[in-house]
Every structure is written in C-alpha cells, then in structure tokens.
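Trainee: One structure, as structure tokens, below. Some questions next.
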Amino acid sequence: MLHLSAAVDQPSVYDAASYVDLARLAERGVLDFVTLDDTFARPGLDALSVLSRVAPATGRVGLVPTVTTPHTEPFRVRAAVATLDRVSRGRAGWRLDVSTTEGEARPLGRRPAALAEELWREAGEVADVAARLGDGREEGAGIRDVPTGRLIDRDKPHHVDFEGSGFSVEGPSTGPRPPQGHPVRVVDATEEPARRTAARYADVALVRVAHAAQAGAVRDQLRADAARFGRNLDELRVFASLLADLGDGEHAAEPGHGGGGPRQTAQGPLYRGGPVDLAELISSWHGSGAVDGFHLTPVVPRRDLERLVNGTVPLLQHRGLFRTFYPGSTLREHLGLGRPANRYAGEPT
C-alpha cells in the first residue's frame with residue numbers, strides 16, 4: 001500500500017483557521033497524516049496546541065506535531081500527545097526531534113546542547129518511557145466502589161520506575177490509555193545519529209534523499225537494525241521526504257527536476273515540476289520497493305497542496321496505487337499498523 005502525507009507549515013501564520021483549511025484539504029486527498037513543525041529557535045504557534053484545534057474540525061486525517069524532546073519533560077510529552085489522541089479520536093502521532101543549538105536551550109534555562117548521538121539516545125528514552133506510561137494504567141483501573149470508598153483498582157496502575165541517562169520517571173500514569181494505545185511515532189532518520197532511535201522506536205521513518213537508490217539503502221539499513229532490536233518489520237514504514245514545488249510545470253525538462261527526479265538543495269531534496277511528473281516519480285520509487293510512502297512539504301503551502309490533492313492524488317488513484325477512502329478511523333489503521341498490546345496487562349503490579 002502506498003502512503004502519502006504532507007506538511008502544513010506556514011511560517012509567520014498565527015491564524016488557526018488557516019491550518020484547519022490545509023488539514024481539511026489533505027483529508028480530501030485521503031492523505032495518511034499532516035505534520036506541523038515546531039522549534040524553540042523561532043517564534044510561532046505551539047504545534048500541539050494548533051493540531052488540537054484542528055482535531056475537532058477534521059474527521060479522518062492523522063495529526064502529527066513535532067515535539068522537541070531534550071527540553072520537554074517526558075511525563076508532559078506523554079500527557080500532551082495522549083490528549084491529542086483523545087480529542088482526535090485516535091488520529092494523533094508525534095514527530096520526535098532534538099535541539100542541537102545553544103540558542104534553543106538558553107531561553108529555557110536548560111543544560112547546554114549535547115552531541116547529536118547523546119540527544120537522539122535521550123529521544124529514544126523519551127519514546128520508551130512515554131509508551132510505558134501509556135501502558136501504565138490498564139483499562140478498568142478507575143472504579144467507584146461506594147461501600148469501601150475505593151476509586152481505583154490497585155492492581156491496575158503500574159509504576160514505570162524508569163531511570164534514563166538524563167531523567168527518571170516513577171509513574172504511574174495519571175490518565176487512561178489513549179485510543180491508539182501508543183500514538184504513532186515519527187522520526188526523521190536522514191542523519192546517522194537518528195537512525196538507531198528510528199529503527200528501535202519509530203512507526204514511520206522519514207528519509208530526505210534525492211534518489212530512489214539512496215532511499216532504498218536507508219530503508220534496508222533501518223529494517224536490518226529494527227530486526228536486531230526484535231521488532232516486527234511489518235510495524236515500520238519508511239517515507240521519502242521531499243520539498244514539492246508544483247507551481248511551474250515547464251521546469252520538468254530541467255536537470256534534477258520533474259522527470260529527472262528531485263535536486264538536492266540546502267533546504268533538502270526539492271522536486272519541481274507538475275503533478276503528473278510527481279505521480280510518475282512516486283509510482284517509480286514506490287514500485288521499486290525503495291519506500292513505503294512519501295512525506296511532501298509544499299514550497300507554497302496552499303498552492304502546492306491543492307495541486308497535490310487535485311492533480312497527483314487522482315492520477316495515483318486512477319492507477320490503483322492509492323486508496324480512494326480511509327480504511328478506518330485511526331492513524332494506525334491508515335498506516336496499516338496494529339494497536340500495540342498493553343505490556344502490563346495480566347502482569348502483577
């Protein structure tokens with residue numbers, strides 16, 4: 001199954017209604033999910049808050065905000081993402097990111113930025129403890145036993161007692177398990193330090209490369225590493241991540257554009273051409289087994305997303321490569337991923 005997702009980033013836009021409009025447009029194109037970037041390095045709206053506003057205004061498309069892990073308490077990360085999963089009725093994910101600059105750490109009064117390897121190791125620990133906290137309150141833990149005055153079944157909550165390299169979390173969780181069990185975890189695995197974390201914890205790994213062969217090589221590496229961690233390889237999706245400029249079809253004949261494939265730029269691999277050529281590229285890369293899907297960042301948000309949804313997507317649907325309706329109601333169902341079992345269910349406290 002081919003998967004498609006898109007970014008709805010709009011620098012300097014502070015109107016939530018604009019993000020709602022783009023998410024609805026992506027939903028009309030039956031895209032798996034939309035992402036919204038976030039960083040402490042620039043002013044802007046909080047991605048989690050924006051997508052919590054988008055959630056009740058949409059019905060199917062997945063919602064994936066970026067969460068910068070080194071400067072956010074793991075307990076709060078888990079609570080915020082679980083809340084998004086509840087208000088969206090099972091459509092939440094979160095894109096793990098790290099902060100590698102002093103400028104992001106200083107305003108928060110946090111420790112200086114560490115090496116990328118250390119930061120991504122901590123990001124993996126945040127992903128791990130968030131999942132443990134998500135499982136730490138079994139279904140049916142809350143009770144109302146009037147004769148005894150008990151409000152909770154003491155066998156149902158589980159202490160996490162997690163000791164990481166930079167933090168510790170005792171638990172248990174203060175809230176019940178969200179609809180998806182574990183909201184979908186997305187990691188940009190382009191850089192080597194992030195790949196180990198992606199292989200171990202990501203449901204979706206993004207790879208910013210300009211050639212199908214490069215994407216296929218990274219996908220093979222991620223799957224091999226995931227196997228070494230004991231993961232089921234059917235539970236990992238690898239997406240090629242491209243900037244998409246669909247504003248000028250005549251650029252298709254230029255080297256590195258349109259039918260020639262993306263061109264590497266300082267901002268990442270850029271595809272420039274028309275919706276038809278983009279459909280050809282997507283069909284070719286996916287058909288070769290290099291990727292499971294694509295994550296596209298429109299250069300001009302509304303224009304390029306409209307041309308993706310109204311042009312490229314119908315072509316892929318006509319060829320039988322992309323679905324015409326959502327197969328379920330949750331993001332995990334869109335991606336063909338199962339709902340993880342609770343690791344504590346049936347175990348003693």
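Chains: A, B, ... in order of the structure tokens. Residues: from 1 per chain. Ligands: from 1, in order shown.
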Name the residues in contact with A:Arg86 at a cut-off of 9 Å, using only C-alpha atoms, excluding same-chain residues fewer than 5 positions from it; report them as JSON, numbers by chain.
Mentor: {"A": [81, 91, 92, 178, 179, 180]}
Trainee: Do a neighbour search on A:Leu246 at 10 Å with only C-alpha atoms, toss out local chain neighbours closer than 6 positions, and write the hits as a PyMOL selection string.
Mentor: chain A and resi 252+258+271-278+298-300+303-308+311-312
Trainee: Please produce an output containing N, CA, C and O atoms for each residue in the selection, written as a PDB file, in the first residue's frame.
Mentor:
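In the end it all went to out36.pdb:
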ATOM      1  N   ALA A 252       9.926  20.861 -15.748  1.00  0.00           N
ATOM      2  CA  ALA A 252      10.100  19.401 -15.776  1.00  0.00           C
ATOM      3  C   ALA A 252      11.274  18.981 -16.643  1.00  0.00           C
ATOM      4  O   ALA A 252      11.857  17.923 -16.432  1.00  0.00           O
ATOM      5  N   GLY A 258      11.321  17.550 -12.188  1.00  0.00           N
ATOM      6  CA  GLY A 258      10.296  16.790 -12.899  1.00  0.00           C
ATOM      7  C   GLY A 258      10.703  15.357 -13.118  1.00  0.00           C
ATOM      8  O   GLY A 258      11.051  14.636 -12.202  1.00  0.00           O
ATOM      9  N   TYR A 271      11.685  18.614  -5.315  1.00  0.00           N
ATOM     10  CA  TYR A 271      11.044  18.235  -6.577  1.00  0.00           C
ATOM     11  C   TYR A 271      10.385  19.482  -7.141  1.00  0.00           C
ATOM     12  O   TYR A 271       9.614  20.157  -6.444  1.00  0.00           O
ATOM     13  N   ARG A 272      10.656  19.790  -8.419  1.00  0.00           N
ATOM     14  CA  ARG A 272       9.980  20.904  -9.075  1.00  0.00           C
ATOM     15  C   ARG A 272       9.462  20.421 -10.423  1.00  0.00           C
ATOM     16  O   ARG A 272      10.216  19.907 -11.246  1.00  0.00           O
ATOM     17  N   GLY A 273       8.194  20.555 -10.630  1.00  0.00           N
ATOM     18  CA  GLY A 273       7.584  20.109 -11.869  1.00  0.00           C
ATOM     19  C   GLY A 273       6.078  20.149 -11.745  1.00  0.00           C
ATOM     20  O   GLY A 273       5.531  20.903 -10.945  1.00  0.00           O
ATOM     21  N   GLY A 274       5.408  19.314 -12.510  1.00  0.00           N
ATOM     22  CA  GLY A 274       3.960  19.286 -12.485  1.00  0.00           C
ATOM     23  C   GLY A 274       3.420  18.091 -11.720  1.00  0.00           C
ATOM     24  O   GLY A 274       4.150  17.149 -11.396  1.00  0.00           O
ATOM     25  N   PRO A 275       2.126  18.091 -11.417  1.00  0.00           N
ATOM     26  CA  PRO A 275       1.512  16.978 -10.693  1.00  0.00           C
ATOM     27  C   PRO A 275       1.638  15.639 -11.406  1.00  0.00           C
ATOM     28  O   PRO A 275       1.746  14.599 -10.758  1.00  0.00           O
ATOM     29  N   VAL A 276       1.646  15.653 -12.750  1.00  0.00           N
ATOM     30  CA  VAL A 276       1.763  14.393 -13.494  1.00  0.00           C
ATOM     31  C   VAL A 276       3.144  13.787 -13.291  1.00  0.00           C
ATOM     32  O   VAL A 276       3.289  12.588 -13.021  1.00  0.00           O
ATOM     33  N   ASP A 277       4.203  14.616 -13.413  1.00  0.00           N
ATOM     34  CA  ASP A 277       5.551  14.115 -13.216  1.00  0.00           C
ATOM     35  C   ASP A 277       5.763  13.633 -11.785  1.00  0.00           C
ATOM     36  O   ASP A 277       6.480  12.668 -11.537  1.00  0.00           O
ATOM     37  N   LEU A 278       5.143  14.318 -10.824  1.00  0.00           N
ATOM     38  CA  LEU A 278       5.257  13.881  -9.435  1.00  0.00           C
ATOM     39  C   LEU A 278       4.618  12.508  -9.247  1.00  0.00           C
ATOM     40  O   LEU A 278       5.150  11.655  -8.536  1.00  0.00           O
ATOM     41  N   PRO A 298       5.050  21.250   0.914  1.00  0.00           N
ATOM     42  CA  PRO A 298       4.781  22.223  -0.154  1.00  0.00           C
ATOM     43  C   PRO A 298       5.641  23.469  -0.001  1.00  0.00           C
ATOM     44  O   PRO A 298       5.762  24.021   1.099  1.00  0.00           O
ATOM     45  N   VAL A 299       6.243  23.924  -1.092  1.00  0.00           N
ATOM     46  CA  VAL A 299       7.027  25.156  -1.069  1.00  0.00           C
ATOM     47  C   VAL A 299       6.109  26.355  -0.863  1.00  0.00           C
ATOM     48  O   VAL A 299       6.398  27.263  -0.084  1.00  0.00           O
ATOM     49  N   VAL A 300       4.991  26.364  -1.572  1.00  0.00           N
ATOM     50  CA  VAL A 300       3.932  27.360  -1.357  1.00  0.00           C
ATOM     51  C   VAL A 300       2.746  26.572  -0.785  1.00  0.00           C
ATOM     52  O   VAL A 300       2.090  25.819  -1.518  1.00  0.00           O
ATOM     53  N   ARG A 303      -1.056  26.493  -2.529  1.00  0.00           N
ATOM     54  CA  ARG A 303      -0.983  26.187  -3.963  1.00  0.00           C
ATOM     55  C   ARG A 303      -0.506  24.767  -4.207  1.00  0.00           C
ATOM     56  O   ARG A 303      -1.126  23.996  -4.950  1.00  0.00           O
ATOM     57  N   ASP A 304       0.601  24.394  -3.596  1.00  0.00           N
ATOM     58  CA  ASP A 304       1.191  23.090  -3.883  1.00  0.00           C
ATOM     59  C   ASP A 304       0.400  21.943  -3.266  1.00  0.00           C
ATOM     60  O   ASP A 304       0.328  20.859  -3.846  1.00  0.00           O
ATOM     61  N   LEU A 305      -0.209  22.175  -2.109  1.00  0.00           N
ATOM     62  CA  LEU A 305      -1.043  21.117  -1.527  1.00  0.00           C
ATOM     63  C   LEU A 305      -2.290  20.905  -2.379  1.00  0.00           C
ATOM     64  O   LEU A 305      -2.723  19.765  -2.589  1.00  0.00           O
ATOM     65  N   GLU A 306      -2.866  21.978  -2.891  1.00  0.00           N
ATOM     66  CA  GLU A 306      -4.029  21.849  -3.775  1.00  0.00           C
ATOM     67  C   GLU A 306      -3.673  21.050  -5.034  1.00  0.00           C
ATOM     68  O   GLU A 306      -4.445  20.188  -5.469  1.00  0.00           O
ATOM     69  N   ARG A 307      -2.498  21.315  -5.610  1.00  0.00           N
ATOM     70  CA  ARG A 307      -2.112  20.608  -6.829  1.00  0.00           C
ATOM     71  C   ARG A 307      -1.756  19.151  -6.543  1.00  0.00           C
ATOM     72  O   ARG A 307      -1.971  18.287  -7.403  1.00  0.00           O
ATOM     73  N   LEU A 308      -1.262  18.890  -5.364  1.00  0.00           N
ATOM     74  CA  LEU A 308      -1.038  17.501  -4.964  1.00  0.00           C
ATOM     75  C   LEU A 308      -2.366  16.756  -4.839  1.00  0.00           C
ATOM     76  O   LEU A 308      -2.536  15.660  -5.395  1.00  0.00           O
ATOM     77  N   GLY A 311      -4.390  17.015  -8.368  1.00  0.00           N
ATOM     78  CA  GLY A 311      -3.709  16.528  -9.554  1.00  0.00           C
ATOM     79  C   GLY A 311      -3.007  15.201  -9.367  1.00  0.00           C
ATOM     80  O   GLY A 311      -3.356  14.199  -9.997  1.00  0.00           O
ATOM     81  N   THR A 312      -2.038  15.157  -8.480  1.00  0.00           N
ATOM     82  CA  THR A 312      -1.234  13.944  -8.300  1.00  0.00           C
ATOM     83  C   THR A 312      -2.052  12.800  -7.708  1.00  0.00           C
ATOM     84  O   THR A 312      -1.991  11.664  -8.191  1.00  0.00           O
TER      85      THR A 312
END
Trainee: Which residues, written as number ranges by chain, have at least one atom at most 9 Å from stretch 337-340 of chain A, with only C-alpha atoms counted and residues fewer than 6 positions away on the same chain left out?
Mentor: A: 179-182, 203, 234-236, 331
Trainee: Those same residues - C-alpha atoms - I'd like them written as a PDB file, in the first residue's frame.
Mentor:
ATOM      1  CA  PRO A 179      -7.443   5.255  21.729  1.00  0.00           C
ATOM      2  CA  GLN A 180      -4.431   4.033  19.721  1.00  0.00           C
ATOM      3  CA  GLY A 181      -2.631   2.626  22.745  1.00  0.00           C
ATOM      4  CA  HIS A 182       0.553   4.321  21.565  1.00  0.00           C
ATOM      5  CA  ASP A 203       6.437   3.682  13.387  1.00  0.00           C
ATOM      6  CA  ASP A 234       5.647  -5.009   9.315  1.00  0.00           C
ATOM      7  CA  GLU A 235       5.405  -2.348  12.010  1.00  0.00           C
ATOM      8  CA  LEU A 236       7.879   0.090  10.385  1.00  0.00           C
ATOM      9  CA  LEU A 331      -3.934   6.900  12.122  1.00  0.00           C
TER      10      LEU A 331
END
Trainee: If DSSP is run on the backbone, what residues of stretch 303-333 of chain A are alpha helix (DSSP H)? A reply as a list in words would be ideal.
Mentor: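 Everything in stretch 303-333 of chain A that counts as alpha helix (DSSP H) is Arg303, Asp304, Leu305, Glu306, Arg307, Val313, Pro314, Leu315, Leu316, Gln317, His318, Leu331, Arg332 and Glu333 of chain A.
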Trainee: Next, dump the selected residues to file, keeping only N, CA and C atoms, as an mmCIF file, in the first residue's frame.
Mentor:
data_model
loop_
_atom_site.group_PDB
_atom_site.id
_atom_site.type_symbol
_atom_site.label_atom_id
_atom_site.label_comp_id
_atom_site.auth_asym_id
_atom_site.auth_seq_id
_atom_site.Cartn_x
_atom_site.Cartn_y
_atom_site.Cartn_z
ATOM 1 N N ARG A 303 -1.056 26.493 -2.529
ATOM 2 C CA ARG A 303 -0.983 26.187 -3.963
ATOM 3 C C ARG A 303 -0.506 24.767 -4.207
ATOM 4 N N ASP A 304 0.601 24.394 -3.596
ATOM 5 C CA ASP A 304 1.191 23.090 -3.883
ATOM 6 C C ASP A 304 0.400 21.943 -3.266
ATOM 7 N N LEU A 305 -0.209 22.175 -2.109
ATOM 8 C CA LEU A 305 -1.043 21.117 -1.527
ATOM 9 C C LEU A 305 -2.290 20.905 -2.379
ATOM 10 N N GLU A 306 -2.866 21.978 -2.891
ATOM 11 C CA GLU A 306 -4.029 21.849 -3.775
ATOM 12 C C GLU A 306 -3.673 21.050 -5.034
ATOM 13 N N ARG A 307 -2.498 21.315 -5.610
ATOM 14 C CA ARG A 307 -2.112 20.608 -6.829
ATOM 15 C C ARG A 307 -1.756 19.151 -6.543
ATOM 16 N N VAL A 313 -2.804 13.081 -6.657
ATOM 17 C CA VAL A 313 -3.547 12.014 -5.982
ATOM 18 C C VAL A 313 -4.545 11.319 -6.913
ATOM 19 N N PRO A 314 -5.382 12.045 -7.687
ATOM 20 C CA PRO A 314 -6.299 11.349 -8.596
ATOM 21 C C PRO A 314 -5.582 10.464 -9.618
ATOM 22 N N LEU A 315 -4.410 10.900 -10.082
ATOM 23 C CA LEU A 315 -3.647 10.069 -11.020
ATOM 24 C C LEU A 315 -3.212 8.767 -10.363
ATOM 25 N N LEU A 316 -2.744 8.845 -9.142
ATOM 26 C CA LEU A 316 -2.326 7.639 -8.413
ATOM 27 C C LEU A 316 -3.530 6.741 -8.115
ATOM 28 N N GLN A 317 -4.660 7.351 -7.802
ATOM 29 C CA GLN A 317 -5.875 6.578 -7.565
ATOM 30 C C GLN A 317 -6.343 5.883 -8.838
ATOM 31 N N HIS A 318 -6.276 6.603 -9.959
ATOM 32 C CA HIS A 318 -6.689 6.033 -11.243
ATOM 33 C C HIS A 318 -5.849 4.812 -11.600
ATOM 34 N N LEU A 331 -5.152 6.767 12.914
ATOM 35 C CA LEU A 331 -3.934 6.900 12.122
ATOM 36 C C LEU A 331 -3.239 5.556 11.966
ATOM 37 N N ARG A 332 -3.256 4.745 12.982
ATOM 38 C CA ARG A 332 -2.650 3.412 12.866
ATOM 39 C C ARG A 332 -3.354 2.580 11.791
ATOM 40 N N GLU A 333 -4.647 2.715 11.689
ATOM 41 C CA GLU A 333 -5.370 1.985 10.644
ATOM 42 C C GLU A 333 -5.006 2.516 9.268
#
Trainee: Write out as a PyMOL selection string the residues lying within 8 Å of stretch 58-71 of chain A, counting only C-alpha atoms and excluding same-chain residues fewer than 6 positions away.
Mentor: chain A and resi 20+23-24+26-27+30-39+47-48+51+77+88+91-99+105+108+110+119+122-123+126+326+329-331
Trainee: Go through A:Gly289, A:Gly320, A:Pro301, A:Gly328 one by one, measure the shortest atom-to-atom distance of each to A:Ala213 using only C-alpha atoms, and give the residue with the smallest value.
Mentor: A:Gly289
Trainee: Identify which of the residues A:Leu22, A:Ala212, A:Ala198, A:Val87 lies closest to A:Glu125, counting only C-alpha atoms when measuring atom-to-atom distances.
Mentor: A:Ala198
